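Below is one structure, written out as structure tokens; the observations come after it.
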Amino acid sequence: MISYDDQVLVSYSNQRWEEAEAFSSQFGLRLVALEALPAKSDRAVYLLNFSDTRVELVNWREQAPGPVFVDFVEGALAYRREHGGGRGEMVAKSVGLKGEVKCLNVLDATAGLGRDAYVLAALGCHVVMYERNPLVHALLADGLRRALECADAASVVSRMTLHLGEAFNTFPDGIDVVYLDPMFPERRKSSAVKKEMQAFKDIVGADPDADELLAAALRQEVKRIVVKRPKGAPCLLGREPSFTVTGKSGRFDVYALRKLTGG
Ligand SMILES: C[S@@+](CC[C@H](N)C(=O)[O-])C[C@H]1O[C@@H](n2cnc3c(N)ncnc32)[C@H](O)[C@@H]1O
């Protein structure tokens, strides 16, 4: 993992100085104008760049891969919204979207870049998301903000609410399903997710407290808990799920605790 003291810089275009300045002072990060970046001999590795159009995470050491940013309007997620597998998607099956169960209240306690949450919201779920890493939170918050400017994506993100912080400090009322997708050290890379995965490994690390997250979820009065795991990874807490939905690269461990009745 990188050091936040000297390996992450916050940069900005002139128009976004105020936001970048507020972010850097809130989290104690170095702030630099894009035109005034330090020499490459500096220890900086990543830039969280507030450009005119988006917030992006740039690996400043390596020219490729390109920046990481959240895009709900074009690209893979927009395609998935329009042509995806709908309720046949593994994540949808795992949370229990089938038959009369159409609209669930989901707590995504490990929001990341919001891909899974977006798929669920596109299928009608209301998703409350928690993300504790401030850089990841900034990327996702910016993606949600931009999505509000596109009618198709706006109708989906209006069902998504994002909070910065630990998921279980305040547990929201009325949650049907808790969804967990913690980082896993051995997680395999596919070329499509490679740059995000590398950046996540560097800036987030391995979520070593994932067992505690499942333990906290099990103490809540929820109907179902779903844990996304890579192929071959042990179950969290060593606890066998009620059933598993398995795909090519990973699986969803489903703890079915009470009957689902979402409208
Ligand atoms: C593998 S990523 C999740 C990817 C996400 N499912 C997606 O579709 O983009 C895991 C994320 O969960 C966050 N996280 C892990 N434990 C958390 C906790 N207890 N509270 C809030 N966020 C947490 C990490 O900071 C990381 O960004």
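By order of appearance in the structure tokens: chains A, B, ..., then residues from 1 within every chain, and ligands from 1 in the order shown.
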
Neighbours of ligand 1 within 7 Å, counting only C-alpha atoms and all ligand atoms, as a list of chain:residue names?
->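 Listing the residues within 7 Å of ligand 1 gives A:Ala109, A:Thr110, A:Ala111, A:Gly112, A:Leu113, A:Gly114, A:Arg115, A:Asp116, A:Ala117, A:Tyr130, A:Glu131, A:Arg132, A:Asn133, A:Val136, A:Gly165, A:Glu166, A:Ala167, A:Phe168, A:Asp181, A:Pro182, A:Met183, A:Val204, A:Asp207, A:Ala210, A:Leu213.
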
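Close contacts of range 97-105 of chain A, defined as residues with an atom at most 8 Å away when counting only C-alpha atoms, with chain neighbours fewer than 6 positions off set aside, comprise Arg87, Leu123, Gly124, Cys125, His126, Val127, Val128, Gly174, Ile175, Asp176, Val177, Leu260, Thr261, Gly262 and Gly263 of chain A.
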
Could you name the residues that touch range 46-63 of chain A at 10 Å or less, counting only C-alpha atoms, but leaving out those on the same chain fewer than 5 positions away, as a VMD selection string?
-> chain A and resid 2 4 6 to 21 23 to 24 29 to 34 37 40 to 41 68 to 71 135 to 136 138 to 143 145 to 146 195 to 196 198 to 199 202 to 203

Since we have the selection now, will you write its residues out, keeping N, CA and C atoms, as a CSV table (one decimal), in the first residue's frame?
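Saved result, selection_3.csv, follows:
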chain,number,residue,atom,x,y,z
A,2,ILE,N,0.3,2.3,-0.6
A,2,ILE,CA,1.1,3.6,-0.6
A,2,ILE,C,0.9,4.4,0.7
A,4,TYR,N,-0.1,7.7,2.5
A,4,TYR,CA,-0.9,8.9,2.2
A,4,TYR,C,-0.2,10.2,2.5
A,6,ASP,N,2.9,11.1,1.7
A,6,ASP,CA,3.7,11.7,0.6
A,6,ASP,C,3.5,11.1,-0.8
A,7,GLN,N,2.7,10.0,-0.9
A,7,GLN,CA,2.6,9.4,-2.2
A,7,GLN,C,1.3,9.7,-2.9
A,8,VAL,N,0.4,10.5,-2.3
A,8,VAL,CA,-0.8,10.9,-3.0
A,8,VAL,C,-0.8,12.4,-3.0
A,9,LEU,N,-1.1,13.0,-4.2
A,9,LEU,CA,-1.2,14.4,-4.3
A,9,LEU,C,-2.6,14.7,-4.8
A,10,VAL,N,-3.1,15.9,-4.4
A,10,VAL,CA,-4.4,16.3,-5.0
A,10,VAL,C,-4.1,17.4,-6.0
A,11,SER,N,-4.5,17.3,-7.2
A,11,SER,CA,-4.3,18.3,-8.2
A,11,SER,C,-5.6,18.8,-8.7
A,12,TYR,N,-5.5,19.9,-9.5
A,12,TYR,CA,-6.8,20.6,-9.9
A,12,TYR,C,-6.6,21.4,-11.1
A,13,SER,N,-7.6,21.6,-11.9
A,13,SER,CA,-7.6,22.6,-12.9
A,13,SER,C,-8.2,23.9,-12.1
A,14,ASN,N,-7.9,25.1,-12.7
A,14,ASN,CA,-8.3,26.3,-12.0
A,14,ASN,C,-9.7,26.3,-11.5
A,15,GLN,N,-10.7,25.8,-12.4
A,15,GLN,CA,-12.1,25.9,-12.0
A,15,GLN,C,-12.4,25.1,-10.8
A,16,ARG,N,-11.6,24.1,-10.4
A,16,ARG,CA,-12.0,23.2,-9.3
A,16,ARG,C,-11.1,23.4,-8.1
A,17,TRP,N,-10.4,24.5,-8.1
A,17,TRP,CA,-9.5,24.7,-7.0
A,17,TRP,C,-10.2,24.6,-5.6
A,18,GLU,N,-11.3,25.2,-5.5
A,18,GLU,CA,-12.0,25.2,-4.2
A,18,GLU,C,-12.3,23.8,-3.6
A,19,GLU,N,-12.9,22.9,-4.5
A,19,GLU,CA,-13.2,21.6,-4.1
A,19,GLU,C,-11.9,20.8,-3.7
A,20,ALA,N,-10.9,21.0,-4.6
A,20,ALA,CA,-9.6,20.2,-4.4
A,20,ALA,C,-9.0,20.7,-3.1
A,21,GLU,N,-9.0,22.0,-2.8
A,21,GLU,CA,-8.4,22.5,-1.6
A,21,GLU,C,-9.2,22.0,-0.4
A,23,PHE,N,-10.9,19.2,-0.1
A,23,PHE,CA,-10.6,17.8,0.0
A,23,PHE,C,-9.2,17.6,0.6
A,24,SER,N,-8.2,18.3,0.1
A,24,SER,CA,-6.8,18.1,0.6
A,24,SER,C,-6.7,18.5,2.0
A,29,LEU,N,-3.8,16.0,2.7
A,29,LEU,CA,-3.0,15.6,1.5
A,29,LEU,C,-2.4,16.8,0.9
A,30,ARG,N,-1.3,16.6,0.1
A,30,ARG,CA,-0.6,17.7,-0.5
A,30,ARG,C,-1.4,18.2,-1.7
A,31,LEU,N,-1.5,19.5,-1.9
A,31,LEU,CA,-2.3,20.1,-3.0
A,31,LEU,C,-1.4,20.8,-4.0
A,32,VAL,N,-1.5,20.5,-5.3
A,32,VAL,CA,-0.7,21.1,-6.3
A,32,VAL,C,-1.5,21.5,-7.5
A,33,ALA,N,-1.2,22.5,-8.2
A,33,ALA,CA,-1.9,22.9,-9.4
A,33,ALA,C,-1.4,21.9,-10.5
A,34,LEU,N,-2.2,21.6,-11.5
A,34,LEU,CA,-1.8,20.7,-12.5
A,34,LEU,C,-0.5,21.2,-13.3
A,37,LEU,N,3.1,20.5,-11.1
A,37,LEU,CA,3.4,19.2,-10.5
A,37,LEU,C,4.9,19.1,-10.3
A,40,LYS,N,9.5,14.3,-11.3
A,40,LYS,CA,9.2,12.8,-11.2
A,40,LYS,C,10.0,12.2,-10.1
A,41,SER,N,11.1,12.9,-9.6
A,41,SER,CA,11.9,12.3,-8.5
A,41,SER,C,11.1,12.4,-7.2
A,68,VAL,N,-8.4,6.2,-13.4
A,68,VAL,CA,-9.5,5.5,-12.9
A,68,VAL,C,-10.6,6.6,-12.5
A,69,PHE,N,-11.8,6.4,-13.1
A,69,PHE,CA,-12.9,7.3,-12.7
A,69,PHE,C,-14.2,6.5,-12.8
A,70,VAL,N,-15.3,7.1,-12.3
A,70,VAL,CA,-16.5,6.4,-12.3
A,70,VAL,C,-17.4,6.9,-13.5
A,71,ASP,N,-17.9,6.0,-14.3
A,71,ASP,CA,-18.7,6.4,-15.4
A,71,ASP,C,-20.0,5.6,-15.5
A,135,LEU,N,-10.5,8.6,-1.0
A,135,LEU,CA,-10.2,8.8,-2.4
A,135,LEU,C,-11.3,8.0,-3.2
A,136,VAL,N,-11.6,6.8,-2.8
A,136,VAL,CA,-12.6,6.0,-3.5
A,136,VAL,C,-13.9,6.7,-3.4
A,138,ALA,N,-14.5,9.9,-3.1
A,138,ALA,CA,-14.5,11.1,-4.0
A,138,ALA,C,-14.8,10.7,-5.4
A,139,LEU,N,-14.2,9.6,-5.9
A,139,LEU,CA,-14.4,9.1,-7.3
A,139,LEU,C,-15.9,8.7,-7.5
A,140,LEU,N,-16.4,8.0,-6.5
A,140,LEU,CA,-17.8,7.6,-6.6
A,140,LEU,C,-18.8,8.7,-6.5
A,141,ALA,N,-18.5,9.6,-5.6
A,141,ALA,CA,-19.4,10.8,-5.4
A,141,ALA,C,-19.5,11.6,-6.7
A,142,ASP,N,-18.3,11.7,-7.4
A,142,ASP,CA,-18.2,12.5,-8.6
A,142,ASP,C,-19.0,11.8,-9.7
A,143,GLY,N,-18.8,10.4,-9.8
A,143,GLY,CA,-19.6,9.7,-10.8
A,143,GLY,C,-21.1,9.8,-10.7
A,145,ARG,N,-22.6,12.3,-9.3
A,145,ARG,CA,-23.0,13.7,-9.6
A,145,ARG,C,-23.1,13.9,-11.1
A,146,ARG,N,-22.1,13.3,-11.9
A,146,ARG,CA,-22.2,13.4,-13.3
A,146,ARG,C,-23.4,12.7,-13.9
A,195,LYS,N,-6.5,-2.1,-14.3
A,195,LYS,CA,-6.0,-0.8,-13.8
A,195,LYS,C,-6.8,-0.5,-12.5
A,196,GLU,N,-8.1,-0.7,-12.4
A,196,GLU,CA,-8.8,-0.4,-11.1
A,196,GLU,C,-8.2,-1.3,-10.0
A,198,GLN,N,-5.3,-2.7,-9.6
A,198,GLN,CA,-4.0,-2.2,-9.2
A,198,GLN,C,-4.1,-1.0,-8.3
A,199,ALA,N,-4.9,0.0,-8.8
A,199,ALA,CA,-5.1,1.2,-8.0
A,199,ALA,C,-5.7,0.9,-6.6
A,202,ASP,N,-3.2,-0.5,-4.3
A,202,ASP,CA,-2.3,0.5,-3.8
A,202,ASP,C,-3.0,1.4,-2.8
A,203,ILE,N,-4.2,1.9,-3.1
A,203,ILE,CA,-4.7,2.9,-2.2
A,203,ILE,C,-5.7,2.4,-1.1

Those in range 3-236 of chain A with helix (DSSP H, G or I) from DSSP, as a PyMOL selection string | chain A and resi 14-27+34-36+76-83+86-88+90-95+115-122+134-147+151-157+191-203+210-218+236

Give me a file of those residues, with C-alpha atoms, as a short mmCIF file (atom, residue, chain, number, x, y, z; two decimals), in the first residue's frame.
data_model
loop_
_atom_site.label_atom_id
_atom_site.label_comp_id
_atom_site.auth_asym_id
_atom_site.auth_seq_id
_atom_site.Cartn_x
_atom_site.Cartn_y
_atom_site.Cartn_z
CA ASN A 14 -8.30 26.29 -11.96
CA GLN A 15 -12.08 25.90 -12.03
CA ARG A 16 -12.02 23.21 -9.34
CA TRP A 17 -9.49 24.73 -6.96
CA GLU A 18 -12.00 25.20 -4.17
CA GLU A 19 -13.17 21.56 -4.11
CA ALA A 20 -9.61 20.25 -4.38
CA GLU A 21 -8.44 22.55 -1.60
CA ALA A 22 -11.30 21.48 0.70
CA PHE A 23 -10.55 17.81 0.02
CA SER A 24 -6.81 18.10 0.57
CA SER A 25 -7.17 19.98 3.83
CA GLN A 26 -9.88 17.61 5.14
CA PHE A 27 -7.64 14.59 4.59
CA LEU A 34 -1.76 20.67 -12.55
CA GLU A 35 0.73 23.08 -14.17
CA ALA A 36 2.97 22.96 -11.11
CA ALA A 76 -19.48 -0.81 -19.53
CA LEU A 77 -22.08 0.16 -16.93
CA ALA A 78 -24.30 2.03 -19.38
CA TYR A 79 -24.13 -1.01 -21.68
CA ARG A 80 -25.01 -3.25 -18.76
CA ARG A 81 -27.97 -0.99 -17.87
CA GLU A 82 -29.33 -1.25 -21.41
CA HIS A 83 -28.33 -4.74 -22.50
CA GLY A 86 -31.27 -8.02 -15.78
CA ARG A 87 -32.49 -10.20 -12.97
CA GLY A 88 -30.37 -13.00 -14.42
CA MET A 90 -25.41 -13.08 -10.54
CA VAL A 91 -25.56 -10.15 -8.16
CA ALA A 92 -29.33 -9.82 -8.73
CA LYS A 93 -29.95 -13.52 -8.13
CA SER A 94 -27.82 -13.39 -4.99
CA VAL A 95 -29.72 -10.56 -3.33
CA ARG A 115 -20.61 -0.99 -9.95
CA ASP A 116 -22.57 -3.65 -8.09
CA ALA A 117 -24.76 -1.01 -6.44
CA TYR A 118 -25.52 0.50 -9.86
CA VAL A 119 -26.58 -2.86 -11.29
CA LEU A 120 -28.95 -3.39 -8.35
CA ALA A 121 -30.32 0.17 -8.54
CA ALA A 122 -30.88 -0.27 -12.31
CA PRO A 134 -11.81 9.06 1.05
CA LEU A 135 -10.21 8.77 -2.42
CA VAL A 136 -12.59 6.02 -3.52
CA HIS A 137 -15.50 7.95 -2.01
CA ALA A 138 -14.49 11.08 -3.98
CA LEU A 139 -14.40 9.10 -7.26
CA LEU A 140 -17.80 7.56 -6.64
CA ALA A 141 -19.42 10.79 -5.43
CA ASP A 142 -18.23 12.50 -8.61
CA GLY A 143 -19.55 9.66 -10.81
CA LEU A 144 -22.97 9.94 -9.15
CA ARG A 145 -22.98 13.73 -9.62
CA ARG A 146 -22.19 13.44 -13.34
CA ALA A 147 -24.80 10.71 -13.81
CA ALA A 151 -31.68 11.23 -17.91
CA ASP A 152 -31.24 7.43 -18.20
CA ALA A 153 -28.50 7.23 -15.61
CA ALA A 154 -30.16 9.85 -13.36
CA SER A 155 -33.24 7.70 -12.85
CA VAL A 156 -30.94 4.91 -11.60
CA VAL A 157 -28.62 6.95 -9.36
CA SER A 191 -7.51 -7.33 -18.26
CA ALA A 192 -10.76 -5.34 -18.06
CA VAL A 193 -10.41 -4.58 -14.35
CA LYS A 194 -6.65 -4.56 -14.17
CA LYS A 195 -6.03 -0.84 -13.75
CA GLU A 196 -8.79 -0.44 -11.15
CA MET A 197 -7.54 -3.47 -9.25
CA GLN A 198 -3.96 -2.23 -9.19
CA ALA A 199 -5.06 1.21 -8.00
CA PHE A 200 -7.32 -0.39 -5.37
CA LYS A 201 -4.52 -2.58 -4.08
CA ASP A 202 -2.33 0.49 -3.80
CA ILE A 203 -4.75 2.92 -2.22
CA ALA A 210 -13.80 -8.20 6.50
CA ASP A 211 -14.69 -10.96 9.00
CA GLU A 212 -15.80 -8.32 11.48
CA LEU A 213 -18.00 -6.74 8.84
CA LEU A 214 -19.87 -10.03 8.34
CA ALA A 215 -20.11 -10.50 12.12
CA ALA A 216 -21.62 -7.01 12.44
CA ALA A 217 -24.09 -7.71 9.62
CA LEU A 218 -25.17 -10.96 11.28
CA LEU A 236 -15.77 -15.00 5.75
#

Secondary structure check, strand (DSSP E or B) residues of range 53-254 of chain A, as JSON, numbers by chain | {"A": [55, 56, 57, 58, 59, 68, 105, 106, 107, 108, 126, 127, 128, 129, 130, 131, 160, 161, 162, 163, 164, 177, 178, 179, 180, 224, 225, 226, 227, 228, 229, 230, 243, 244, 245, 246, 250, 251, 252, 253, 254]}

Which residues, written as a PDB file with C-alpha atoms, in the first residue's frame, have at least one atom at most 10 Å from Lys259 in chain A, with only C-alpha atoms counted and residues fewer than 3 positions away on the same chain left out?
ATOM      1  CA  GLY A  96     -32.959 -12.411  -4.154  1.00  0.00           C
ATOM      2  CA  ASP A 176     -33.557  -6.042   3.596  1.00  0.00           C
ATOM      3  CA  VAL A 222     -31.790  -8.189   8.063  1.00  0.00           C
ATOM      4  CA  LYS A 223     -33.274 -10.806   5.771  1.00  0.00           C
ATOM      5  CA  ARG A 224     -30.230 -11.672   3.784  1.00  0.00           C
ATOM      6  CA  ALA A 256     -30.586 -16.351   3.787  1.00  0.00           C
ATOM      7  CA  GLY A 262     -39.634  -6.723  -1.195  1.00  0.00           C
TER       8      GLY A 262
END
